[in-house]
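Structure, as structure tokens:
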Amino acid sequence: MIYFDNAATSWPKPEEVYQGVSTFMRRAGANPGRGGHRLAQEAAAMVEETRQALAKFLGVKNAKQVVFTSNATEALNLGIKGVLVPGDHVVTTSMEHNSVLRPLHYLQRDGISYTIVAADSEGYVCPEKVENAVQSNTKLIIMTHASNVTGTVMPIVEVGQWARERGLLFLVDGAQTVGELAVDLSQLPVDLLAFPGHKALLGPTGTGALFIRDGLVLQPLLVGGTGVESELAGQPEEMPYRYESGTLNTTGLAGLQAALNYHQKLGQSAISATISALTNRFIQGCSMIPRVTIYGPKEKAVERTGVVSLNIQGLNPDELGFILDEVYGIAVRAGLHCAPQAHKTIGTYPAGTVRFSFSVFNNIEQVDTAVEALQEIAEQSGG
Ligand SMILES: Cc1ncc(COP(=O)(O)O)c(C=O)c1O
């Protein structure tokens, strides 16, 4: 099997991740912060070490600003619902995932409104368009760092700087970039960054986090047991526990810690370069095949991640995905990728596209096999 669905979740994981999960579960699978005994303390130490490692990885000085969640969706919901109150307005883009668009849709019931700024046909959103959509009651700008449909990298520095100068909050969805591209929060003008641990970070599913800029206080998404200040009737103020009610996914976090060590060993620039080389080779190969349309940035000026959406003329994306799986043993994701507005933007709604997404565990031979498979399918379906 060739796995090209890393934008959904990366697979395989580094061997160290499997070992990390297994070792933690067998050795110290106790509940951190919920007991004074040695095993609970060991579990708590592991959680805090993982938090420190993640903070360091992102250039965050104070690890308490990194809040663990189950995935990017939970982190986005916490960021969005945590800052908005009735009467607020949000500016976002047509390239967002449903994990942004659906919370906003439901928040309309609470008197919160939003404007969706349209990207161009390659999935790029001009900063000026975002700026022009801001109203007097705009509190928050939400932008994906890179599209999960086209791989287009967005101008988050420009938008974030502009937002900061005007006192607007800026939430970035890092689901498709953290672990794949360098993300240094000591340099980026970002107030909130939501991301998963299970995609390019190569950690287990059920892991994610929200970075919350120093001084920003949110309404928690969940309230309940935090293991600290149990005497309080309400939720503690203390970071990060204010936002971490309930037992954490300790096994997942043990795996994430191992994944972060693996990242450090390889180095971010080597990881980025590997994925970029695979992506370029794939695009180059596919662009020679008649009747294949590749979506996303065509100009070198706009950066892209290791996500490539394409279609073969005359073939439904679901059908193409099925053939790749059944006949060639290649796993891809067909359809709308939880981003219907993005597909409307690039003209592929409602059928969608077939998405190939690469990780550091893929190689050139696999990419070439996929290009050959597409060539064959295109020839056979050409009529
Ligand atoms: C851009 C984007 N945002 C959010 C998400 C949601 O991530 P998760 O599955 O970790 O909740 C995804 C997942 O594919 C995504 O690609």
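How things are named: the first chain in the structure tokens is A, the next is B, and so on; residues count from 1 in each chain; ligands count from 1 in the order shown.
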| request: Show which residues sit within 9 Å of region 66-78 of chain A, as a PyMOL selection string. Count only C-alpha atoms, and ignore same-chain residues fewer than 4 positions away. | output: chain A and resi 51-52+54-55+60+62+82-83+98-100+103+171-175+192-198+205-213+218-222+239-241+243-244+248-249+253
Please, which residues in region 33-110 of chain A fall within 10 Å of region 260-268 of chain A when counting only C-alpha atoms, and what is the closest atom pair and distance in Å to one decimal for each, ordered by chain then residue number, as JSON lines?
{"residue": "A:Thr50", "atom": "CA", "partner": "A:Leu260", "partner_atom": "CA", "distance": 8.3}
{"residue": "A:Ala53", "atom": "CA", "partner": "A:Leu260", "partner_atom": "CA", "distance": 6.9}
{"residue": "A:Leu54", "atom": "CA", "partner": "A:Leu260", "partner_atom": "CA", "distance": 7.1}
{"residue": "A:Lys56", "atom": "CA", "partner": "A:Leu260", "partner_atom": "CA", "distance": 9.9}
{"residue": "A:Phe57", "atom": "CA", "partner": "A:Leu260", "partner_atom": "CA", "distance": 7.7}
One decimal place gives the CA of Ala351 (chain A)-CA of Gly123 (chain A) separation as 17.2 Å
Distance criterion (only C-alpha atoms): nearest to Val223 (chain A) out of A:Ser272, A:Asn311, A:Thr251, A:Gln235: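 Nearest candidate to Val223 (chain A) out of A:Ser272, A:Asn311, A:Thr251, A:Gln235: A:Gln235.
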Just the residues within 8 Å of Ala43 (chain A), please, counting only C-alpha atoms, with nothing from its chain fewer than 4 positions along; format it as a ChimeraX atom specification. /A:28-32,39,47,250
Please save C-alpha atoms of the selected residues as a PDB file, in the first residue's frame.
ATOM      1  CA  ALA A  28       3.149   4.872  34.116  1.00  0.00           C
ATOM      2  CA  GLY A  29      -0.342   4.939  32.673  1.00  0.00           C
ATOM      3  CA  ALA A  30      -1.704   6.879  35.658  1.00  0.00           C
ATOM      4  CA  ASN A  31      -3.724  10.095  35.687  1.00  0.00           C
ATOM      5  CA  PRO A  32      -1.555  13.241  35.814  1.00  0.00           C
ATOM      6  CA  LEU A  39       2.908   6.984  38.965  1.00  0.00           C
ATOM      7  CA  VAL A  47       2.720  15.755  30.068  1.00  0.00           C
ATOM      8  CA  THR A 250      -1.695  10.841  28.103  1.00  0.00           C
TER       9      THR A 250
END
I want to know what sits within 7 Å of Gly335 (chain A), based on only C-alpha atoms, with residues of the same chain fewer than 4 positions away left out; could you give that as a list in words?
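Neighbouring residues, sequence-local ones excluded: Pro317, Asp318, Ala351, Gly352, Thr353 and Val354 of chain A.
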Item checked: All residues 12 Å or closer to Ala331 (chain A), only C-alpha atoms, same chain fewer than 5 positions away omitted, as a ChimeraX atom specification -> /A:1-11,320-326,354-358,366,370
- Name the closest residue to Gly179 (chain A) among the candidates A:Asn316, A:Thr305, A:Thr23, A:Ser147; distances are taken between atoms, counting only C-alpha atoms.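 Checking each of A:Asn316, A:Thr305, A:Thr23, A:Ser147 against Gly179 (chain A), counting only C-alpha atoms, the winner is A:Thr305.
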- Based on DSSP run over this structure's backbone, return all residues of region 103-233 of chain A in helix (DSSP H, G or I), as a PyMOL selection string. chain A and resi 103-110+127-133+156-165
Best match for closeness to Val178 (chain A) among A:Arg164, A:Gly314, A:Gly203, A:Ile377, counting only C-alpha atoms
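The answer is A:Gly203, which sits nearest to Val178 (chain A).
Relative to CA of Thr144 (chain A), CA of Val117 (chain A) is found at 12.3 Å.
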Check: Which of these, A:Gly167, A:Ile364, A:Val307, A:Pro290, has the shortest distance to Val332 (chain A) once you count only C-alpha atoms?
Finding: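 Distance minimum relative to Val332 (chain A) lands on A:Val307.
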As a compact mmCIF listing (two decimals) with N, CA and C atoms, in the first residue's frame, please: the residues near Leu168 (chain A) (cut-off 6 Å, only C-alpha atoms, same-chain neighbours under 5 positions excluded).
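Writing done, so here's out.txt:
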# COMPACT_ATOMS: atom_id res chain seq x y z
N LYS A 139 -13.87 41.55 15.52
CA LYS A 139 -12.95 41.26 16.63
C LYS A 139 -11.84 40.30 16.20
N LEU A 140 -12.17 39.42 15.26
CA LEU A 140 -11.28 38.29 14.99
C LEU A 140 -11.12 38.06 13.48
N ALA A 163 -3.50 43.10 11.38
CA ALA A 163 -4.48 42.88 12.45
C ALA A 163 -3.95 43.42 13.77
Worksheet item: Smallest atom-to-atom distance to ligand 1: which of A:Arg166, A:Arg102, A:His337, A:Lys81, using only C-alpha atoms and all ligand atoms?
Response: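 Counting only C-alpha atoms and all ligand atoms, the residue closest to ligand 1 is A:His337.
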